[in-house]
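Structure below is work-v7.pdb: PDB, C-alpha atoms and all ligand atoms.
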MODEL        1
ATOM      1  CA  MET A 989      28.360 -23.307  -3.222  1.00  0.00           C
ATOM      2  CA  SER A 990      25.240 -21.203  -3.470  1.00  0.00           C
ATOM      3  CA  LYS A 991      22.513 -22.668  -5.655  1.00  0.00           C
ATOM      4  CA  ARG A 992      20.847 -19.398  -6.483  1.00  0.00           C
ATOM      5  CA  VAL A 993      18.664 -19.473  -9.588  1.00  0.00           C
ATOM      6  CA  ALA A 994      17.103 -16.558 -11.493  1.00  0.00           C
ATOM      7  CA  VAL A 995      13.442 -17.000 -12.432  1.00  0.00           C
ATOM      8  CA  TYR A 996      11.903 -14.720 -15.086  1.00  0.00           C
ATOM      9  CA  ARG A 997       8.290 -13.934 -15.849  1.00  0.00           C
ATOM     10  CA  LYS A 998       7.381 -11.901 -18.930  1.00  0.00           C
ATOM     11  CA  GLU A 999       4.261  -9.763 -18.944  1.00  0.00           C
ATOM     12  CA  HIS A1000       2.879  -7.090 -21.219  1.00  0.00           C
ATOM     13  CA  PHE A1001       0.931  -3.869 -21.051  1.00  0.00           C
ATOM     14  CA  ASN A1002      -0.010  -1.029 -23.361  1.00  0.00           C
ATOM     15  CA  ALA A1003       0.070   2.521 -22.121  1.00  0.00           C
ATOM     16  CA  ALA A1004       0.220   6.097 -23.338  1.00  0.00           C
ATOM     17  CA  HIS A1005       2.530   8.761 -22.035  1.00  0.00           C
ATOM     18  CA  ARG A1006       4.196  12.045 -22.705  1.00  0.00           C
ATOM     19  CA  LEU A1007       7.650  13.043 -21.508  1.00  0.00           C
ATOM     20  CA  PHE A1008       7.763  16.607 -20.328  1.00  0.00           C
ATOM     21  CA  ARG A1009       8.368  18.851 -17.379  1.00  0.00           C
ATOM     22  CA  PRO A1010       5.672  21.415 -16.653  1.00  0.00           C
ATOM     23  CA  ASP A1011       8.272  23.682 -15.065  1.00  0.00           C
ATOM     24  CA  LEU A1012      10.155  24.038 -18.377  1.00  0.00           C
ATOM     25  CA  SER A1013       9.258  25.960 -21.527  1.00  0.00           C
ATOM     26  CA  ALA A1014       7.893  24.281 -24.653  1.00  0.00           C
ATOM     27  CA  GLN A1015      11.266  24.880 -26.322  1.00  0.00           C
ATOM     28  CA  GLU A1016      13.188  23.277 -23.453  1.00  0.00           C
ATOM     29  CA  ASN A1017      10.834  20.290 -23.414  1.00  0.00           C
ATOM     30  CA  ASP A1018      11.262  19.906 -27.152  1.00  0.00           C
ATOM     31  CA  ARG A1019      15.036  20.069 -26.805  1.00  0.00           C
ATOM     32  CA  LEU A1020      15.089  17.459 -24.019  1.00  0.00           C
ATOM     33  CA  PHE A1021      12.369  15.080 -25.161  1.00  0.00           C
ATOM     34  CA  GLY A1022      11.708  15.751 -28.874  1.00  0.00           C
ATOM     35  CA  LYS A1023       8.656  13.945 -30.221  1.00  0.00           C
ATOM     36  CA  CYS A1024       8.163  12.295 -26.829  1.00  0.00           C
ATOM     37  CA  ALA A1025       7.001  15.706 -25.547  1.00  0.00           C
ATOM     38  CA  LEU A1026       4.231  16.174 -28.127  1.00  0.00           C
ATOM     39  CA  PRO A1027       1.155  17.321 -26.202  1.00  0.00           C
ATOM     40  CA  ASN A1028      -1.350  14.710 -27.392  1.00  0.00           C
ATOM     41  CA  TYR A1029       0.570  11.706 -25.992  1.00  0.00           C
ATOM     42  CA  HIS A1030       1.704   8.521 -27.722  1.00  0.00           C
ATOM     43  CA  GLY A1031       1.582   4.833 -26.867  1.00  0.00           C
ATOM     44  CA  HIS A1032       3.997   1.981 -26.260  1.00  0.00           C
ATOM     45  CA  ASN A1033       3.685  -1.786 -26.091  1.00  0.00           C
ATOM     46  CA  TYR A1034       5.658  -2.319 -22.923  1.00  0.00           C
ATOM     47  CA  GLU A1035       7.255  -5.690 -22.319  1.00  0.00           C
ATOM     48  CA  LEU A1036       7.945  -6.266 -18.652  1.00  0.00           C
ATOM     49  CA  ILE A1037      10.318  -8.942 -17.402  1.00  0.00           C
ATOM     50  CA  VAL A1038      10.306  -9.603 -13.681  1.00  0.00           C
ATOM     51  CA  LYS A1039      13.364 -11.457 -12.386  1.00  0.00           C
ATOM     52  CA  VAL A1040      13.390 -13.127  -8.964  1.00  0.00           C
ATOM     53  CA  THR A1041      16.627 -14.695  -7.739  1.00  0.00           C
ATOM     54  CA  GLY A1042      17.023 -17.113  -4.855  1.00  0.00           C
ATOM     55  CA  GLU A1043      17.666 -20.714  -3.905  1.00  0.00           C
ATOM     56  CA  PRO A1044      15.066 -23.304  -4.890  1.00  0.00           C
ATOM     57  CA  ASP A1045      12.871 -24.350  -2.000  1.00  0.00           C
ATOM     58  CA  PRO A1046      13.932 -27.847  -0.848  1.00  0.00           C
ATOM     59  CA  ILE A1047      10.338 -29.110  -0.848  1.00  0.00           C
ATOM     60  CA  THR A1048       8.933 -27.665  -4.081  1.00  0.00           C
ATOM     61  CA  GLY A1049      12.117 -27.108  -6.083  1.00  0.00           C
ATOM     62  CA  TYR A1050      10.758 -23.654  -6.950  1.00  0.00           C
ATOM     63  CA  VAL A1051      12.429 -20.320  -6.226  1.00  0.00           C
ATOM     64  CA  VAL A1052       8.927 -18.893  -6.547  1.00  0.00           C
ATOM     65  CA  ASP A1053       5.821 -20.318  -8.154  1.00  0.00           C
ATOM     66  CA  MET A1054       5.455 -18.826 -11.664  1.00  0.00           C
ATOM     67  CA  LYS A1055       1.685 -18.638 -11.182  1.00  0.00           C
ATOM     68  CA  TRP A1056       2.253 -16.585  -8.053  1.00  0.00           C
ATOM     69  CA  ILE A1057       4.542 -14.126  -9.866  1.00  0.00           C
ATOM     70  CA  SER A1058       2.121 -13.876 -12.766  1.00  0.00           C
ATOM     71  CA  ASP A1059      -0.845 -13.198 -10.474  1.00  0.00           C
ATOM     72  CA  LEU A1060       1.157 -10.648  -8.467  1.00  0.00           C
ATOM     73  CA  VAL A1061       2.250  -8.721 -11.581  1.00  0.00           C
ATOM     74  CA  GLN A1062      -1.275  -8.811 -12.984  1.00  0.00           C
ATOM     75  CA  GLU A1063      -2.772  -7.471  -9.773  1.00  0.00           C
ATOM     76  CA  LYS A1064      -0.164  -4.854  -8.863  1.00  0.00           C
ATOM     77  CA  ILE A1065       1.114  -3.674 -12.269  1.00  0.00           C
ATOM     78  CA  ILE A1066      -0.987  -4.698 -15.262  1.00  0.00           C
ATOM     79  CA  GLU A1067      -4.350  -3.776 -13.744  1.00  0.00           C
ATOM     80  CA  ARG A1068      -2.881  -0.430 -12.696  1.00  0.00           C
ATOM     81  CA  PHE A1069      -1.161   0.616 -15.940  1.00  0.00           C
ATOM     82  CA  ASP A1070      -2.602  -1.376 -18.870  1.00  0.00           C
ATOM     83  CA  HIS A1071      -4.526   0.807 -21.352  1.00  0.00           C
ATOM     84  CA  ARG A1072      -3.943   3.849 -19.143  1.00  0.00           C
ATOM     85  CA  ASN A1073      -2.513   7.238 -19.897  1.00  0.00           C
ATOM     86  CA  LEU A1074       0.340   7.170 -17.401  1.00  0.00           C
ATOM     87  CA  ASN A1075       0.451  10.963 -17.015  1.00  0.00           C
ATOM     88  CA  LEU A1076      -3.290  11.481 -16.617  1.00  0.00           C
ATOM     89  CA  ASP A1077      -4.693   8.238 -15.218  1.00  0.00           C
ATOM     90  CA  THR A1078      -2.175   7.127 -12.588  1.00  0.00           C
ATOM     91  CA  GLN A1079      -1.185   8.542  -9.212  1.00  0.00           C
ATOM     92  CA  GLU A1080       2.384   7.313  -9.653  1.00  0.00           C
ATOM     93  CA  PHE A1081       3.147   9.620 -12.608  1.00  0.00           C
ATOM     94  CA  LYS A1082       1.115  12.693 -11.697  1.00  0.00           C
ATOM     95  CA  ALA A1083       4.366  14.413 -10.696  1.00  0.00           C
ATOM     96  CA  LEU A1084       6.980  12.013 -12.099  1.00  0.00           C
ATOM     97  CA  ASN A1085       8.099  11.973 -15.732  1.00  0.00           C
ATOM     98  CA  PRO A1086       7.048   8.528 -17.082  1.00  0.00           C
ATOM     99  CA  THR A1087      10.343   7.577 -18.689  1.00  0.00           C
ATOM    100  CA  ALA A1088      11.163   3.878 -18.972  1.00  0.00           C
ATOM    101  CA  GLU A1089      13.661   4.435 -16.144  1.00  0.00           C
ATOM    102  CA  ASN A1090      11.045   5.868 -13.803  1.00  0.00           C
ATOM    103  CA  ILE A1091       8.422   3.284 -14.778  1.00  0.00           C
ATOM    104  CA  ALA A1092      10.891   0.499 -13.925  1.00  0.00           C
ATOM    105  CA  ILE A1093      11.613   2.053 -10.519  1.00  0.00           C
ATOM    106  CA  VAL A1094       7.894   2.456  -9.787  1.00  0.00           C
ATOM    107  CA  ILE A1095       7.207  -1.162 -10.767  1.00  0.00           C
ATOM    108  CA  TYR A1096      10.051  -2.360  -8.557  1.00  0.00           C
ATOM    109  CA  ASP A1097       8.758  -0.364  -5.596  1.00  0.00           C
ATOM    110  CA  LEU A1098       5.230  -1.743  -6.089  1.00  0.00           C
ATOM    111  CA  LEU A1099       6.443  -5.361  -6.214  1.00  0.00           C
ATOM    112  CA  ARG A1100       9.327  -5.370  -3.726  1.00  0.00           C
ATOM    113  CA  PRO A1101       7.176  -5.484  -0.557  1.00  0.00           C
ATOM    114  CA  HIS A1102       5.548  -8.699  -1.817  1.00  0.00           C
ATOM    115  CA  VAL A1103       8.766 -10.568  -2.603  1.00  0.00           C
ATOM    116  CA  LEU A1104      10.482 -12.531   0.170  1.00  0.00           C
ATOM    117  CA  ALA A1105      13.372 -10.700   1.840  1.00  0.00           C
ATOM    118  CA  GLN A1106      15.853 -13.442   0.881  1.00  0.00           C
ATOM    119  CA  HIS A1107      14.955 -13.060  -2.809  1.00  0.00           C
ATOM    120  CA  ASP A1108      16.422 -10.433  -5.137  1.00  0.00           C
ATOM    121  CA  LEU A1109      14.112  -8.631  -7.527  1.00  0.00           C
ATOM    122  CA  GLN A1110      15.045  -6.971 -10.805  1.00  0.00           C
ATOM    123  CA  ILE A1111      12.825  -5.280 -13.371  1.00  0.00           C
ATOM    124  CA  ARG A1112      13.570  -5.149 -17.083  1.00  0.00           C
ATOM    125  CA  LEU A1113      11.231  -2.949 -19.091  1.00  0.00           C
ATOM    126  CA  TYR A1114      11.190  -2.773 -22.893  1.00  0.00           C
ATOM    127  CA  GLU A1115       9.675   0.433 -24.199  1.00  0.00           C
ATOM    128  CA  THR A1116      10.444  -0.679 -27.761  1.00  0.00           C
ATOM    129  CA  PRO A1117      12.121  -3.878 -28.969  1.00  0.00           C
ATOM    130  CA  ARG A1118      15.407  -1.950 -29.062  1.00  0.00           C
ATOM    131  CA  ASN A1119      15.102   0.300 -26.017  1.00  0.00           C
ATOM    132  CA  PHE A1120      15.005  -1.219 -22.572  1.00  0.00           C
ATOM    133  CA  VAL A1121      16.063  -0.507 -19.014  1.00  0.00           C
ATOM    134  CA  GLU A1122      16.900  -2.537 -15.926  1.00  0.00           C
ATOM    135  CA  TYR A1123      16.404  -1.645 -12.273  1.00  0.00           C
ATOM    136  CA  PRO A1124      18.274  -2.110 -10.035  1.00  0.00           C
ATOM    137  CA  ALA A1125      21.179  -1.808 -12.488  1.00  0.00           C
TER     138      ALA A1125
HETATM  139 NI    NI A1201       7.378   7.308 -25.405  1.00  0.00          NI
ENDMDL
END
So that I can check it, write out the structure of this file as structure tokens.
Ligand code: NI
Amino acid sequence: MSKRVAVYRKEHFNAAHRLFRPDLSAQENDRLFGKCALPNYHGHNYELIVKVTGEPDPITGYVVDMKWISDLVQEKIIERFDHRNLNLDTQEFKALNPTAENIAIVIYDLLRPHVLAQHDLQIRLYETPRNFVEYPA
């Protein structure tokens, strides 16, 4: 029987964003995104949960070292997005609507190359305590 274990590391960042499509009218943006489209941006306290699944290493007993995950997320995600305006300050969302869905996909793509091939990676991102997404689903 497989002894796969899921390991979770919770991190946090604050960021501002605005949901809108420049190719649509103000009315269409308002209809699609409501207050999230207001032009002067708004902020969220994002809670990020990184899940790595695999078998514990026979020597260490770890799937991955928690310190290693924490350092990786700090370096690749938190330093990039914390206290930033996602629309204005980041390359990743210059042309991509910074919805929670898209932020989760971007975070996954930034982390995946650093995670061992035999390990699965999943991102859970809370935009508010009640609204959260997971990728891959
Ligand atoms: Ni928002």
- [ ] Would you mind listing the residues within 8 Å of ligand NI 1201 (chain A), counting all atoms listed in the file, as a list in words?
- [x]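 Those within range of ligand NI 1201 (chain A) are Ala1004, His1005, Arg1006, Leu1007, Cys1024, His1030, Gly1031, His1032, Thr1087 and Glu1115 of chain A.
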Open item on the list: Could you list, as a list in words, every residue within 9 Å of Ala994 of chain A, counting all atoms listed in the file and ignoring same-chain residues fewer than 2 positions away?
Closed with: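 Once the adjacent positions are removed, what remains is Arg992, Tyr996, Lys1039, Val1040, Thr1041, Gly1042, Glu1043, Val1051 and Asp1108 of chain A.
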Open item on the list: What's around Thr1078 of chain A at 12 Å? Count all atoms listed in the file, leave out sequence neighbours fewer than 4 positions away in its own chain, and write the answer as an NGL selection string.
Closed with: :A and (1003-1005 or 1065 or 1067-1074 or 1082-1086 or 1091 or 1094)
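The two atoms in question, atom CA of Asn1033 of chain A and atom CA of Glu999 of chain A, are spaced 10.7 Å apart.
One distance worth recording is that between atom CA of Tyr1123 of chain A and atom CA of Tyr1096 of chain A, which is 7.4 Å.
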Once 3 Å is added on each side, what centre and edge lengths in Å to one decimal does the axis-aligned box around all listed atoms of segment 1037-1051 of chain A have, as AutoDock Vina command-line options?
--center_x 13.3 --center_y -19.0 --center_z -9.1 --size_x 14.7 --size_y 26.2 --size_z 22.6
List as a PDB file with C-alpha atoms, in the frame of the given file: which residues have an atom within 10 Å of (10.1, -1.7, -26.8), counting all atoms listed in the file?
ATOM      1  CA  HIS A1032       3.997   1.981 -26.260  1.00  0.00           C
ATOM      2  CA  ASN A1033       3.685  -1.786 -26.091  1.00  0.00           C
ATOM      3  CA  TYR A1034       5.658  -2.319 -22.923  1.00  0.00           C
ATOM      4  CA  GLU A1035       7.255  -5.690 -22.319  1.00  0.00           C
ATOM      5  CA  LEU A1036       7.945  -6.266 -18.652  1.00  0.00           C
ATOM      6  CA  ALA A1088      11.163   3.878 -18.972  1.00  0.00           C
ATOM      7  CA  LEU A1113      11.231  -2.949 -19.091  1.00  0.00           C
ATOM      8  CA  TYR A1114      11.190  -2.773 -22.893  1.00  0.00           C
ATOM      9  CA  GLU A1115       9.675   0.433 -24.199  1.00  0.00           C
ATOM     10  CA  THR A1116      10.444  -0.679 -27.761  1.00  0.00           C
ATOM     11  CA  PRO A1117      12.121  -3.878 -28.969  1.00  0.00           C
ATOM     12  CA  ARG A1118      15.407  -1.950 -29.062  1.00  0.00           C
ATOM     13  CA  ASN A1119      15.102   0.300 -26.017  1.00  0.00           C
ATOM     14  CA  PHE A1120      15.005  -1.219 -22.572  1.00  0.00           C
ATOM     15  CA  VAL A1121      16.063  -0.507 -19.014  1.00  0.00           C
TER      16      VAL A1121
END
Task: Hits from the PyMOL selection byres (((chain A and resi 1095) around 12) and not hetatm), listed as a PyMOL selection string - done: chain A and resi 1036-1038+1060-1066+1068-1069+1080-1081+1086+1088-1094+1096-1102+1109-1113+1122-1124
Task: Between atom CA of Leu1012 of chain A and atom CA of Leu1026 of chain A - distance in Å to one decimal - done: 13.9 Å
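Distances here use all atoms listed in the file; by that measure, the residue among A:Leu1020, A:Lys998, A:Val1052, A:Asn1028 closest to His1107 of chain A is A:Val1052.
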TODO: Go through A:Met989, A:Val1103, A:Ala1014, A:Ala1125 one by one, measure the shortest atom-to-atom distance of each to Trp1056 of chain A using only C-alpha atoms, and give the residue with the smallest value.
DONE: A:Val1103
